[in-house]
$ cat structure-v3.tsv   # TSV, C-alpha atoms
chain	number	residue	atom	x	y	z
T	1	MET	CA	64.64	129.60	54.36
T	2	THR	CA	68.37	128.99	54.73
T	3	ASP	CA	70.23	131.49	56.88
T	4	THR	CA	73.18	133.06	55.12
T	5	PRO	CA	75.85	135.23	56.71
T	6	PRO	CA	75.93	138.90	55.79
T	7	PRO	CA	77.95	139.44	52.60
T	8	GLY	CA	80.55	141.52	54.42
T	9	ARG	CA	81.34	138.70	56.84
T	10	ARG	CA	81.80	135.82	54.40
T	11	PHE	CA	85.24	134.26	54.59
T	12	ARG	CA	86.49	137.23	56.61
T	13	ILE	CA	90.10	137.00	57.78
T	14	THR	CA	91.12	139.67	60.27
T	15	LEU	CA	94.23	141.77	59.69
T	16	THR	CA	95.92	140.12	62.67
T	17	ARG	CA	95.45	136.67	61.14
T	18	GLN	CA	96.63	137.92	57.76
T	19	ILE	CA	99.82	139.25	59.37
T	20	LEU	CA	100.41	135.98	61.22
T	21	VAL	CA	99.94	134.05	57.96
T	22	GLY	CA	102.42	136.39	56.31
T	23	LEU	CA	104.87	135.80	59.16
T	24	SER	CA	104.59	132.02	58.78
T	25	LEU	CA	104.98	132.14	55.01
T	26	GLY	CA	108.00	134.41	55.37
T	27	CYS	CA	109.70	131.91	57.68
T	28	LEU	CA	108.96	129.08	55.26
T	29	ILE	CA	110.21	130.96	52.20
T	30	GLY	CA	113.38	132.12	53.97
T	31	ARG	CA	114.15	128.59	55.15
T	32	GLN	CA	113.33	126.65	51.97
T	33	TRP	CA	114.20	129.14	49.21
T	34	PRO	CA	116.78	131.60	50.62
T	35	GLY	CA	117.79	132.85	47.18
T	36	PHE	CA	114.24	133.79	46.29
T	37	ALA	CA	113.67	135.18	49.78
T	38	VAL	CA	116.46	137.73	49.38
T	39	GLU	CA	114.82	138.94	46.16
T	40	LEU	CA	111.75	139.93	48.19
T	41	LYS	CA	113.61	142.78	49.87
T	42	PRO	CA	111.96	145.46	47.66
T	43	VAL	CA	108.56	144.34	48.96
T	44	SER	CA	109.60	144.88	52.59
T	45	LEU	CA	111.21	148.21	51.65
T	46	LEU	CA	108.01	149.31	49.93
T	47	PHE	CA	106.02	148.59	53.09
T	48	LEU	CA	108.47	150.61	55.17
T	49	ARG	CA	108.25	153.49	52.69
T	50	LEU	CA	104.46	153.47	52.93
T	51	ILE	CA	104.73	153.62	56.72
T	52	LYS	CA	107.23	156.47	56.58
T	53	MET	CA	104.88	158.29	54.23
T	54	VAL	CA	102.22	158.56	56.96
T	55	VAL	CA	104.30	158.78	60.16
T	56	GLY	CA	105.22	162.47	59.96
T	57	PRO	CA	101.76	163.85	59.07
T	58	LEU	CA	100.12	161.47	61.56
T	59	LEU	CA	102.32	162.65	64.44
T	60	LEU	CA	101.98	166.30	63.50
T	61	THR	CA	98.19	166.41	63.18
T	62	THR	CA	97.45	164.09	66.12
T	63	LEU	CA	99.77	165.77	68.59
T	64	VAL	CA	98.91	169.34	67.59
T	65	ALA	CA	95.19	168.57	67.90
T	66	GLY	CA	95.70	166.92	71.28
T	67	VAL	CA	97.84	169.68	72.78
T	68	ALA	CA	95.64	172.44	71.37
T	69	GLY	CA	92.60	170.86	72.98
T	70	ALA	CA	94.30	170.13	76.30
T	71	GLY	CA	96.32	173.27	76.97
T	72	GLY	CA	99.65	173.73	78.73
T	73	LYS	CA	98.60	172.58	82.20
T	74	LEU	CA	97.51	169.13	81.07
T	75	VAL	CA	100.58	168.70	78.86
T	76	GLY	CA	102.88	169.45	81.81
T	77	ARG	CA	101.07	166.93	84.01
T	78	LEU	CA	101.11	164.32	81.26
T	79	ALA	CA	104.83	164.80	80.75
T	80	MET	CA	105.62	164.35	84.45
T	81	ARG	CA	103.56	161.18	84.75
T	82	ALA	CA	104.89	159.74	81.51
T	83	ILE	CA	108.51	160.37	82.52
T	84	ALA	CA	107.90	158.81	85.94
T	85	TRP	CA	106.63	155.62	84.28
T	86	PHE	CA	109.42	155.65	81.67
T	87	LEU	CA	112.08	155.79	84.40
T	88	LEU	CA	110.45	153.00	86.39
T	89	ALA	CA	110.01	150.69	83.38
T	90	THR	CA	113.54	151.20	82.00
T	91	THR	CA	115.07	150.65	85.45
T	92	VAL	CA	113.23	147.33	85.80
T	93	ALA	CA	114.34	146.34	82.29
T	94	LEU	CA	117.94	147.17	83.17
T	95	LEU	CA	117.88	145.02	86.30
T	96	ILE	CA	116.28	142.08	84.48
T	97	GLY	CA	118.97	142.23	81.81
T	98	LEU	CA	121.72	142.23	84.44
T	99	ALA	CA	120.11	139.35	86.31
T	100	ALA	CA	119.80	137.26	83.14
T	101	ALA	CA	123.42	137.86	82.18
T	102	ASN	CA	124.69	136.89	85.65
T	103	LEU	CA	122.51	133.80	85.91
T	104	VAL	CA	122.91	132.39	82.39
T	105	LYS	CA	126.49	133.66	81.79
T	106	PRO	CA	126.12	133.67	77.98
T	107	GLY	CA	129.62	135.04	77.38
T	108	LEU	CA	131.54	132.19	79.02
T	109	GLY	CA	133.39	130.13	76.43
T	110	VAL	CA	132.77	132.60	73.58
T	111	VAL	CA	135.91	133.47	71.63
T	112	LEU	CA	136.19	137.12	70.67
T	113	PRO	CA	137.22	137.84	67.07
T	114	ALA	CA	140.56	139.37	66.21
T	115	GLU	CA	140.72	143.13	66.40
T	116	VAL	CA	139.24	144.76	63.33
T	117	ALA	CA	138.34	148.27	62.35
T	118	ASN	CA	135.14	149.57	63.89
T	119	THR	CA	132.84	150.33	60.97
T	120	LEU	CA	129.83	151.19	63.10
T	121	GLY	CA	128.52	154.72	63.18
T	122	LYS	CA	128.88	157.05	66.13
T	123	PRO	CA	125.99	157.66	68.54
T	124	LYS	CA	124.83	161.10	69.50
T	125	SER	CA	125.94	162.51	72.83
T	126	PHE	CA	123.20	163.54	75.23
T	127	VAL	CA	123.94	167.22	74.52
T	128	ASP	CA	123.71	166.63	70.77
T	129	PHE	CA	120.47	164.73	71.31
T	130	LEU	CA	119.04	167.64	73.30
T	131	LEU	CA	120.05	170.26	70.73
T	132	GLU	CA	118.85	168.20	67.77
T	133	ALA	CA	115.44	167.74	69.40
T	134	PHE	CA	114.60	171.30	68.29
T	135	PRO	CA	114.13	171.57	64.52
T	136	THR	CA	115.51	174.43	62.47
T	137	SER	CA	112.72	173.72	59.97
T	138	ILE	CA	109.62	171.59	60.40
T	139	PHE	CA	109.71	170.84	56.68
T	140	ASP	CA	113.21	169.40	57.02
T	141	ALA	CA	112.12	167.36	60.05
T	142	MET	CA	109.10	166.03	58.15
T	143	ALA	CA	111.26	165.16	55.13
T	144	ARG	CA	113.63	163.14	57.34
T	145	ASN	CA	110.81	161.69	59.51
T	146	ASP	CA	112.65	162.91	62.60
T	147	MET	CA	109.99	161.93	65.15
T	148	LEU	CA	111.47	163.82	68.10
T	149	GLN	CA	111.72	167.10	66.18
T	150	ILE	CA	108.17	166.68	64.90
T	151	VAL	CA	106.98	166.07	68.48
T	152	VAL	CA	108.74	169.19	69.79
T	153	PHE	CA	107.35	171.39	67.01
T	154	SER	CA	103.86	169.92	67.43
T	155	ILE	CA	103.83	170.66	71.15
T	156	PHE	CA	104.85	174.28	70.55
T	157	LEU	CA	102.26	174.71	67.78
T	158	GLY	CA	99.53	173.07	69.86
T	159	LEU	CA	100.28	175.33	72.83
T	160	ALA	CA	100.25	178.37	70.53
T	161	ILE	CA	96.84	177.41	69.09
T	162	SER	CA	95.51	176.91	72.62
T	163	ALA	CA	96.86	180.30	73.73
T	164	ALA	CA	95.41	182.05	70.65
T	165	GLY	CA	91.92	180.95	71.62
T	166	SER	CA	89.04	181.60	69.18
T	167	LYS	CA	91.34	183.38	66.72
T	168	ALA	CA	92.96	180.03	65.87
T	169	ASN	CA	89.73	178.01	65.64
T	170	ALA	CA	90.06	177.65	61.87
T	171	LEU	CA	93.55	176.18	62.18
T	172	LYS	CA	92.42	173.87	64.98
T	173	GLU	CA	89.58	172.56	62.81
T	174	ILE	CA	92.01	171.91	59.95
T	175	VAL	CA	94.34	169.98	62.25
T	176	ASP	CA	91.44	167.95	63.68
T	177	ALA	CA	90.27	167.07	60.18
T	178	GLY	CA	93.83	166.19	59.18
T	179	SER	CA	94.15	163.86	62.16
T	180	GLU	CA	90.97	162.02	61.18
T	181	ALA	CA	92.15	161.71	57.58
T	182	MET	CA	95.57	160.38	58.61
T	183	PHE	CA	94.02	157.63	60.73
T	184	LYS	CA	91.96	156.60	57.70
T	185	MET	CA	95.13	156.60	55.63
T	186	VAL	CA	96.82	154.32	58.17
T	187	GLY	CA	94.00	151.86	57.57
T	188	PHE	CA	94.74	151.88	53.85
T	189	VAL	CA	98.48	151.35	54.36
T	190	MET	CA	97.94	148.51	56.84
T	191	ARG	CA	96.24	146.45	54.14
T	192	PHE	CA	99.72	145.93	52.72
T	193	ALA	CA	101.14	144.84	56.10
T	194	PRO	CA	100.81	141.03	55.58
T	195	PHE	CA	102.91	141.25	52.40
T	196	GLY	CA	105.51	143.52	54.03
T	197	VAL	CA	105.78	141.27	57.08
T	198	CYS	CA	106.12	138.15	54.92
T	199	ALA	CA	108.89	139.72	52.84
T	200	ALA	CA	110.76	141.14	55.86
T	201	MET	CA	110.85	137.78	57.64
T	202	ALA	CA	111.85	135.91	54.46
T	203	VAL	CA	114.72	138.33	53.83
T	204	THR	CA	115.97	138.06	57.43
T	205	ILE	CA	116.06	134.26	57.43
T	206	GLY	CA	117.20	134.00	53.81
T	207	THR	CA	120.12	136.37	54.41
T	208	SER	CA	121.34	135.26	57.84
T	209	GLY	CA	120.11	131.68	57.95
T	210	ILE	CA	119.45	129.65	61.05
T	211	ALA	CA	123.12	128.62	61.34
T	212	VAL	CA	124.16	132.14	62.35
T	213	LEU	CA	122.48	131.53	65.71
T	214	LEU	CA	124.42	128.43	66.72
T	215	PRO	CA	127.67	129.93	68.13
T	216	LEU	CA	125.76	132.57	70.10
T	217	LEU	CA	122.54	130.66	70.75
T	218	LYS	CA	122.97	130.98	74.52
T	219	CYS	CA	123.08	134.77	74.29
T	220	VAL	CA	120.01	134.90	72.06
T	221	LEU	CA	118.06	132.61	74.39
T	222	ALA	CA	119.13	134.65	77.42
T	223	LEU	CA	117.88	137.83	75.76
T	224	TYR	CA	114.51	136.43	74.74
T	225	GLY	CA	114.06	134.76	78.13
T	226	ALA	CA	114.75	138.08	79.86
T	227	LEU	CA	112.37	139.91	77.50
T	228	LEU	CA	109.66	137.37	78.35
T	229	VAL	CA	110.18	137.91	82.09
T	230	PHE	CA	109.98	141.66	81.54
T	231	PHE	CA	106.70	141.21	79.64
T	232	VAL	CA	105.22	139.23	82.53
T	233	LEU	CA	106.16	141.93	85.06
T	234	LEU	CA	105.05	144.73	82.74
T	235	PHE	CA	101.61	143.27	82.10
T	236	SER	CA	101.17	142.38	85.77
T	237	ALA	CA	101.96	145.95	86.80
T	238	MET	CA	99.54	147.34	84.20
T	239	LYS	CA	96.78	145.02	85.43
T	240	VAL	CA	97.29	146.04	89.07
T	241	LEU	CA	97.49	149.77	88.31
T	242	THR	CA	94.70	150.06	85.75
T	243	ARG	CA	92.38	147.02	86.19
T	244	VAL	CA	92.04	146.75	82.41
T	245	HIS	CA	91.05	143.49	80.70
T	246	LEU	CA	94.45	142.01	79.82
T	247	PRO	CA	93.26	139.63	77.05
T	248	THR	CA	91.57	142.56	75.27
T	249	PHE	CA	94.75	144.62	75.47
T	250	LEU	CA	96.97	141.77	74.26
T	251	LYS	CA	94.66	141.05	71.33
T	252	ALA	CA	94.75	144.71	70.32
T	253	VAL	CA	98.54	145.12	70.43
T	254	ARG	CA	99.29	141.89	68.56
T	255	GLU	CA	99.39	143.61	65.19
T	256	PRO	CA	101.86	146.42	66.05
T	257	ALA	CA	103.94	143.90	68.02
T	258	VAL	CA	104.20	141.52	65.05
T	259	ILE	CA	105.01	144.39	62.70
T	260	ALA	CA	107.75	145.63	65.04
T	261	PHE	CA	109.18	142.12	65.44
T	262	THR	CA	109.31	141.23	61.76
T	263	THR	CA	110.56	144.61	60.48
T	264	ALA	CA	112.75	145.45	63.52
T	265	SER	CA	111.41	148.99	63.11
T	266	SER	CA	109.54	150.88	65.82
T	267	GLU	CA	108.60	153.45	63.22
T	268	ALA	CA	106.83	150.82	61.13
T	269	ALA	CA	104.61	149.86	64.07
T	270	LEU	CA	103.90	153.38	65.33
T	271	PRO	CA	100.84	154.26	63.19
T	272	ARG	CA	99.04	151.00	63.94
T	273	ALA	CA	99.95	151.20	67.64
T	274	MET	CA	98.40	154.66	67.90
T	275	GLN	CA	95.34	153.47	66.02
T	276	VAL	CA	94.63	150.43	68.20
T	277	LEU	CA	95.19	152.39	71.42
T	278	GLU	CA	92.56	154.90	70.38
T	279	GLN	CA	90.22	152.05	69.48
T	280	LEU	CA	90.66	150.75	73.05
T	281	GLY	CA	89.13	153.98	74.33
T	282	ILE	CA	92.25	156.00	75.17
T	283	PRO	CA	91.80	159.69	74.26
T	284	ARG	CA	93.71	160.76	71.17
T	285	ARG	CA	95.46	163.62	72.99
T	286	ILE	CA	97.07	161.10	75.39
T	287	VAL	CA	97.94	158.62	72.65
T	288	GLY	CA	99.41	161.41	70.53
T	289	PHE	CA	101.63	162.59	73.36
T	290	VAL	CA	102.77	159.48	75.23
T	291	VAL	CA	103.50	157.15	72.30
T	292	PRO	CA	105.86	159.49	70.40
T	293	ALA	CA	107.57	160.56	73.64
T	294	GLY	CA	108.11	156.92	74.53
T	295	TYR	CA	109.95	156.32	71.27
T	296	ALA	CA	112.68	158.64	72.54
T	297	PHE	CA	112.62	158.01	76.30
T	298	ASN	CA	111.04	154.60	76.96
T	299	LEU	CA	113.20	152.04	75.14
T	300	ASP	CA	112.62	149.11	77.49
T	301	GLY	CA	113.84	146.42	75.10
T	302	SER	CA	116.96	148.33	74.12
T	303	THR	CA	117.84	149.06	77.75
T	304	LEU	CA	117.46	145.39	78.68
T	305	TYR	CA	119.59	144.34	75.71
T	306	LEU	CA	122.38	146.80	76.57
T	307	SER	CA	122.60	145.61	80.16
T	308	LEU	CA	122.85	141.97	79.06
T	309	ALA	CA	125.27	142.76	76.22
T	310	VAL	CA	127.81	144.59	78.42
T	311	VAL	CA	128.04	141.68	80.85
T	312	PHE	CA	128.20	139.25	77.90
T	313	VAL	CA	131.25	141.06	76.48
T	314	ALA	CA	132.90	141.19	79.92
T	315	GLN	CA	132.40	137.44	80.37
T	316	ALA	CA	133.77	136.70	76.89
T	317	ALA	CA	136.80	138.89	77.67
T	318	GLY	CA	137.38	137.10	81.00
T	319	LYS	CA	136.70	140.22	83.08
T	320	ASP	CA	134.65	139.81	86.25
T	321	LEU	CA	132.49	142.89	86.79
T	322	THR	CA	131.25	143.55	90.31
T	323	TRP	CA	127.61	144.47	90.82
T	324	SER	CA	128.57	148.07	91.58
T	325	GLU	CA	130.54	148.25	88.32
T	326	GLN	CA	127.63	146.76	86.40
T	327	LEU	CA	125.16	149.25	87.86
T	328	ARG	CA	127.56	152.13	87.16
T	329	ASP	CA	127.92	151.07	83.56
T	330	MET	CA	124.17	150.65	83.15
T	331	LEU	CA	123.38	154.11	84.50
T	332	PHE	CA	125.79	155.50	81.93
T	333	LEU	CA	124.09	153.53	79.15
T	334	MET	CA	120.63	154.68	80.26
T	335	LEU	CA	121.74	158.25	79.61
T	336	ALA	CA	123.62	157.40	76.41
T	337	SER	CA	120.63	155.50	75.03
T	338	LYS	CA	118.59	158.72	74.95
T	339	GLY	CA	120.45	159.46	71.74
T	340	LEU	CA	119.24	156.30	70.01
T	341	ALA	CA	116.61	158.01	67.91
T	342	GLY	CA	117.51	158.10	64.24
T	343	VAL	CA	120.70	156.01	64.48
T	344	PRO	CA	120.74	152.79	62.41
T	345	ARG	CA	121.45	149.70	64.55
T	346	ALA	CA	121.03	152.10	67.45
T	347	ALA	CA	121.61	149.80	70.44
T	348	ILE	CA	124.67	148.10	68.93
T	349	VAL	CA	126.12	151.51	68.02
T	350	VAL	CA	125.78	152.76	71.59
T	351	LEU	CA	127.25	149.49	72.91
T	352	ALA	CA	130.29	149.64	70.61
T	353	SER	CA	131.00	153.24	71.55
T	354	ALA	CA	130.58	152.64	75.30
T	355	LEU	CA	132.70	149.49	75.66
T	356	PRO	CA	136.08	151.32	75.60
T	357	THR	CA	134.78	153.57	78.39
T	358	PHE	CA	134.21	150.45	80.49
T	359	GLU	CA	137.67	149.10	79.49
T	360	LEU	CA	136.07	146.26	77.54
T	361	PRO	CA	137.05	145.14	74.00
T	362	VAL	CA	134.97	146.60	71.18
T	363	GLN	CA	135.33	143.26	69.34
T	364	GLY	CA	132.53	141.99	71.60
T	365	ALA	CA	130.10	144.39	69.95
T	366	LEU	CA	131.30	143.34	66.51
T	367	LEU	CA	130.68	139.72	67.48
T	368	LEU	CA	127.11	140.57	68.50
T	369	PHE	CA	126.67	142.57	65.30
T	370	GLY	CA	126.54	139.29	63.37
T	371	ILE	CA	123.28	138.33	65.07
T	372	ASP	CA	122.03	141.82	65.81
T	373	ALA	CA	119.23	141.62	63.25
T	374	LEU	CA	117.68	138.70	65.13
T	375	MET	CA	118.15	140.32	68.55
T	376	ASP	CA	116.91	143.65	67.26
T	377	MET	CA	113.57	142.06	66.39
T	378	GLY	CA	112.92	141.11	70.01
T	379	ARG	CA	114.02	144.36	71.61
T	380	THR	CA	112.08	146.45	69.06
T	381	CYS	CA	108.91	144.47	69.78
T	382	VAL	CA	109.36	145.13	73.51
T	383	ASN	CA	109.98	148.83	72.86
T	384	VAL	CA	106.67	149.12	70.99
T	385	VAL	CA	104.58	147.09	73.45
T	386	GLY	CA	106.20	148.91	76.38
T	387	ASN	CA	105.07	152.23	74.94
T	388	CYS	CA	101.54	150.88	74.51
T	389	VAL	CA	101.50	149.85	78.17
T	390	ALA	CA	102.88	153.26	79.19
T	391	THR	CA	100.03	154.97	77.33
T	392	VAL	CA	97.40	152.86	79.12
T	393	VAL	CA	98.98	153.51	82.53
T	394	VAL	CA	99.23	157.28	81.99
T	395	ALA	CA	95.61	157.39	80.76
T	396	ALA	CA	94.50	155.56	83.90
T	397	TRP	CA	96.49	157.94	86.12
T	398	GLU	CA	94.82	160.84	84.34
T	399	LYS	CA	91.41	159.19	84.95
T	400	GLU	CA	90.79	159.43	81.21
T	401	LEU	CA	89.57	155.85	80.76
T	402	PRO	CA	85.76	155.81	80.91
T	403	ALA	CA	84.10	152.83	82.58
T	404	ASP	CA	82.70	151.64	79.24
T	405	ALA	CA	86.06	151.85	77.39
T	406	PRO	CA	86.68	148.77	75.20
T	407	ILE	CA	89.96	148.12	77.03
T	408	TYR	CA	87.95	146.95	80.05
T	409	GLY	CA	86.79	144.00	78.00
T	410	PRO	CA	83.41	142.50	77.11
T	411	GLY	CA	80.58	144.01	79.10
T	412	ALA	CA	82.58	147.09	80.05
T	413	GLY	CA	80.53	149.76	81.73

$ encode --input "structure-v3.tsv" --output "structure tokens"
Amino acid sequence: MTDTPPPGRRFRITLTRQILVGLSLGCLIGRQWPGFAVELKPVSLLFLRLIKMVVGPLLLTTLVAGVAGAGGKLVGRLAMRAIAWFLLATTVALLIGLAAANLVKPGLGVVLPAEVANTLGKPKSFVDFLLEAFPTSIFDAMARNDMLQIVVFSIFLGLAISAAGSKANALKEIVDAGSEAMFKMVGFVMRFAPFGVCAAMAVTIGTSGIAVLLPLLKCVLALYGALLVFFVLLFSAMKVLTRVHLPTFLKAVREPAVIAFTTASSEAALPRAMQVLEQLGIPRRIVGFVVPAGYAFNLDGSTLYLSLAVVFVAQAAGKDLTWSEQLRDMLFLMLASKGLAGVPRAAIVVLASALPTFELPVQGALLLFGIDALMDMGRTCVNVVGNCVATVVVAAWEKELPADAPIYGPGAG
């Protein structure tokens, strides 16, 4: 008798491989047929719309269920530990960006463009950011997919359900069921991911072309080199602090990382990131709290980019910033960057608005704007992976990773 593989396993291609194939095809199409590539934009927009369709309900149900089950004491402890890690990670990212800019000196020899009108939007101040974190209507927040407002409302509702006790059991069961259903829905949407990734990459290369990189290639290489160094330190710290199986973690986060890189959208990668973290054995209540919070407070890639970009503009303008001036400027940007949520081209907007404060020409930001789509891909990928690492670290600190959790690798437990 001839052995045959089970029908469900014949010619099986995993989602990760499908996404990587889509990425490769997108690069090829954008390079060889740029005109056709640009026409694929509706496909990438459709994928983003599908993601946005599930983000709000996913956050609401997951976070409410997690907080309701945990109670106020655990939420307070989670918040303190998450913020401690966020501050540590963003500080390291800031220093790496400064070091890269001072070592590589990407701005030397770059000619700033003539002064033009600043067409970039305005960032939110920290006070505005704080006020706008509280929704006037959850329905309005859901309609706009305002993640921070959804998180704030979900925490309050979860705490209220917990405080109500048995009287709110029916509502808690509905939220739990909704959370399960939304994770199933994410699985349906992710089947379209390879096509969305292919189209997004094709549009990026077809629109900008490879030639756009040449004048500022040194700056792009400096950024990606610094991001790589940050990844090495980040994964090393996670390994030391948690003892998880690094290859298992990297394999799991490949899909959200590729989605974030190709779409330059943290929001697009959020549902899959939450899904794979839960599959690694991290409790849903921790995933549902740390990941959304990190999208507002743990922007490692954006922080690194801002630190490098400020020094780049200073070098292009012929201004020599001392280390104390650089650190002063970066501390300011760390606070200003807390208003990034919901602002298109967020990091470049904050940069353009901050440069006059540092007595640097805003034309430097407009110069970087020409290649911002390509740089945004890298920093968005780091933002997403950084939040995945933060979730693992906080779960380990909470002692919520069982010995047989899949994240400990083959033979765990």

$ axis_aligned_box --input "structure-v3.tsv" --around "stretch 297-306 of chain T" --padding-each-side "8 Å" --output "JSON"
{"center_x": 116.7, "center_y": 151.2, "center_z": 76.4, "size_x": 27.3, "size_y": 29.7, "size_z": 20.6}

$ closest_residue --input "structure-v3.tsv" --among "T:Ala202, T:Leu228, T:Leu270, T:Ala395" --to "T:Trp33" --atoms "all atoms listed in the file"
T:Ala202

$ atom_distance --input "structure-v3.tsv" --atom1 "atom CA of T:Glu255" --atom2 "atom CA of T:Val229"
20.8 Å

$ atom_distance --input "structure-v3.tsv" --atom1 "atom CA of T:Lys239" --atom2 "atom CA of T:Ala268"
26.9 Å

$ atom_distance --input "structure-v3.tsv" --atom1 "atom CA of T:Thr62" --atom2 "atom CA of T:Met80"
20.1 Å

$ residues_around --input "structure-v3.tsv" --residues "T:Leu20" --least-positions-apart "2" --cutoff "12 Å" --atoms "only C-alpha atoms" --output "list in words"
Ile13, Thr14, Leu15, Thr16, Arg17, Gln18, Gly22, Leu23, Ser24, Leu25, Gly26, Cys27, Ala193, Pro194, Phe195, Gly196, Val197, Cys198, Met201, Arg254, Glu255, Pro256, Ala257, Val258, Ile259, Phe261 and Thr262 of chain T

$ residues_around --input "structure-v3.tsv" --residues "T:Asn145" --least-positions-apart "2" --cutoff "12 Å" --atoms "all atoms listed in the file" --output "NGL selection string"
:T and (49 or 51-60 or 135 or 138-143 or 147-151 or 267-268 or 341-342)

$ residues_around --input "structure-v3.tsv" --residues "T:Glu325" --least-positions-apart "5" --cutoff "12 Å" --atoms "all atoms listed in the file" --output "list in words"
Leu98, Ser307, Val310, Val311, Ala314, Lys319, Asp320, Met330, Leu331, Phe332, Phe358 and Glu359 of chain T

$ closest_residue --input "structure-v3.tsv" --among "T:Asp372, T:Asp176, T:Asp146, T:Glu278" --to "T:Phe249" --atoms "all atoms listed in the file"
T:Glu278

$ closest_residue --input "structure-v3.tsv" --among "T:Ala93, T:Met185, T:Ala79, T:Met238" --to "T:Leu250" --atoms "only C-alpha atoms"
T:Met238

$ closest_residue --input "structure-v3.tsv" --among "T:Thr391, T:Ser44, T:Ser302, T:Thr263" --to "T:Arg379" --atoms "only C-alpha atoms"
T:Ser302

$ residues_around --input "structure-v3.tsv" --residues "T:Gly206" --least-positions-apart "4" --cutoff "6 Å" --atoms "all atoms listed in the file" --output "PyMOL selection string"
chain T and resi 30+34+37-38+202

$ residues_near_point --input "structure-v3.tsv" --point "(98.1, 151.5, 55.5)" --cutoff "10 Å" --atoms "only C-alpha atoms" --output "PyMOL selection string"
chain T and resi 47+50-51+53-54+182-193+271-272

$ closest_residue --input "structure-v3.tsv" --among "T:Pro42, T:Gly178, T:Pro402, T:Gly76" --to "T:Ile282" --atoms "all atoms listed in the file"
T:Pro402

$ build_atoms --input "structure-v3.tsv" --residues "stretch 130-141 of chain T" --atoms "N, CA and C atoms" --output "CSV table (one decimal), in the frame of the given file"
chain,number,residue,atom,x,y,z
T,130,LEU,N,119.9,166.6,72.8
T,130,LEU,CA,119.0,167.6,73.3
T,130,LEU,C,118.9,168.8,72.3
T,131,LEU,N,120.1,169.2,71.7
T,131,LEU,CA,120.0,170.3,70.7
T,131,LEU,C,119.3,169.9,69.5
T,132,GLU,N,119.5,168.6,69.0
T,132,GLU,CA,118.8,168.2,67.8
T,132,GLU,C,117.4,167.9,67.9
T,133,ALA,N,116.9,167.9,69.2
T,133,ALA,CA,115.4,167.7,69.4
T,133,ALA,C,114.6,168.9,68.9
T,134,PHE,N,115.3,170.1,68.7
T,134,PHE,CA,114.6,171.3,68.3
T,134,PHE,C,114.9,171.5,66.8
T,135,PRO,N,113.9,171.5,66.0
T,135,PRO,CA,114.1,171.6,64.5
T,135,PRO,C,114.4,173.0,64.1
T,136,THR,N,115.3,173.1,63.1
T,136,THR,CA,115.5,174.4,62.5
T,136,THR,C,114.4,174.7,61.4
T,137,SER,N,113.8,173.6,60.9
T,137,SER,CA,112.7,173.7,60.0
T,137,SER,C,111.8,172.5,60.1
T,138,ILE,N,110.5,172.7,60.3
T,138,ILE,CA,109.6,171.6,60.4
T,138,ILE,C,109.5,170.8,59.1
T,139,PHE,N,109.8,171.5,58.0
T,139,PHE,CA,109.7,170.8,56.7
T,139,PHE,C,110.9,169.9,56.5
T,140,ASP,N,112.0,170.3,57.0
T,140,ASP,CA,113.2,169.4,57.0
T,140,ASP,C,113.0,168.2,57.9
T,141,ALA,N,112.4,168.5,59.1
T,141,ALA,CA,112.1,167.4,60.0
T,141,ALA,C,111.1,166.4,59.5
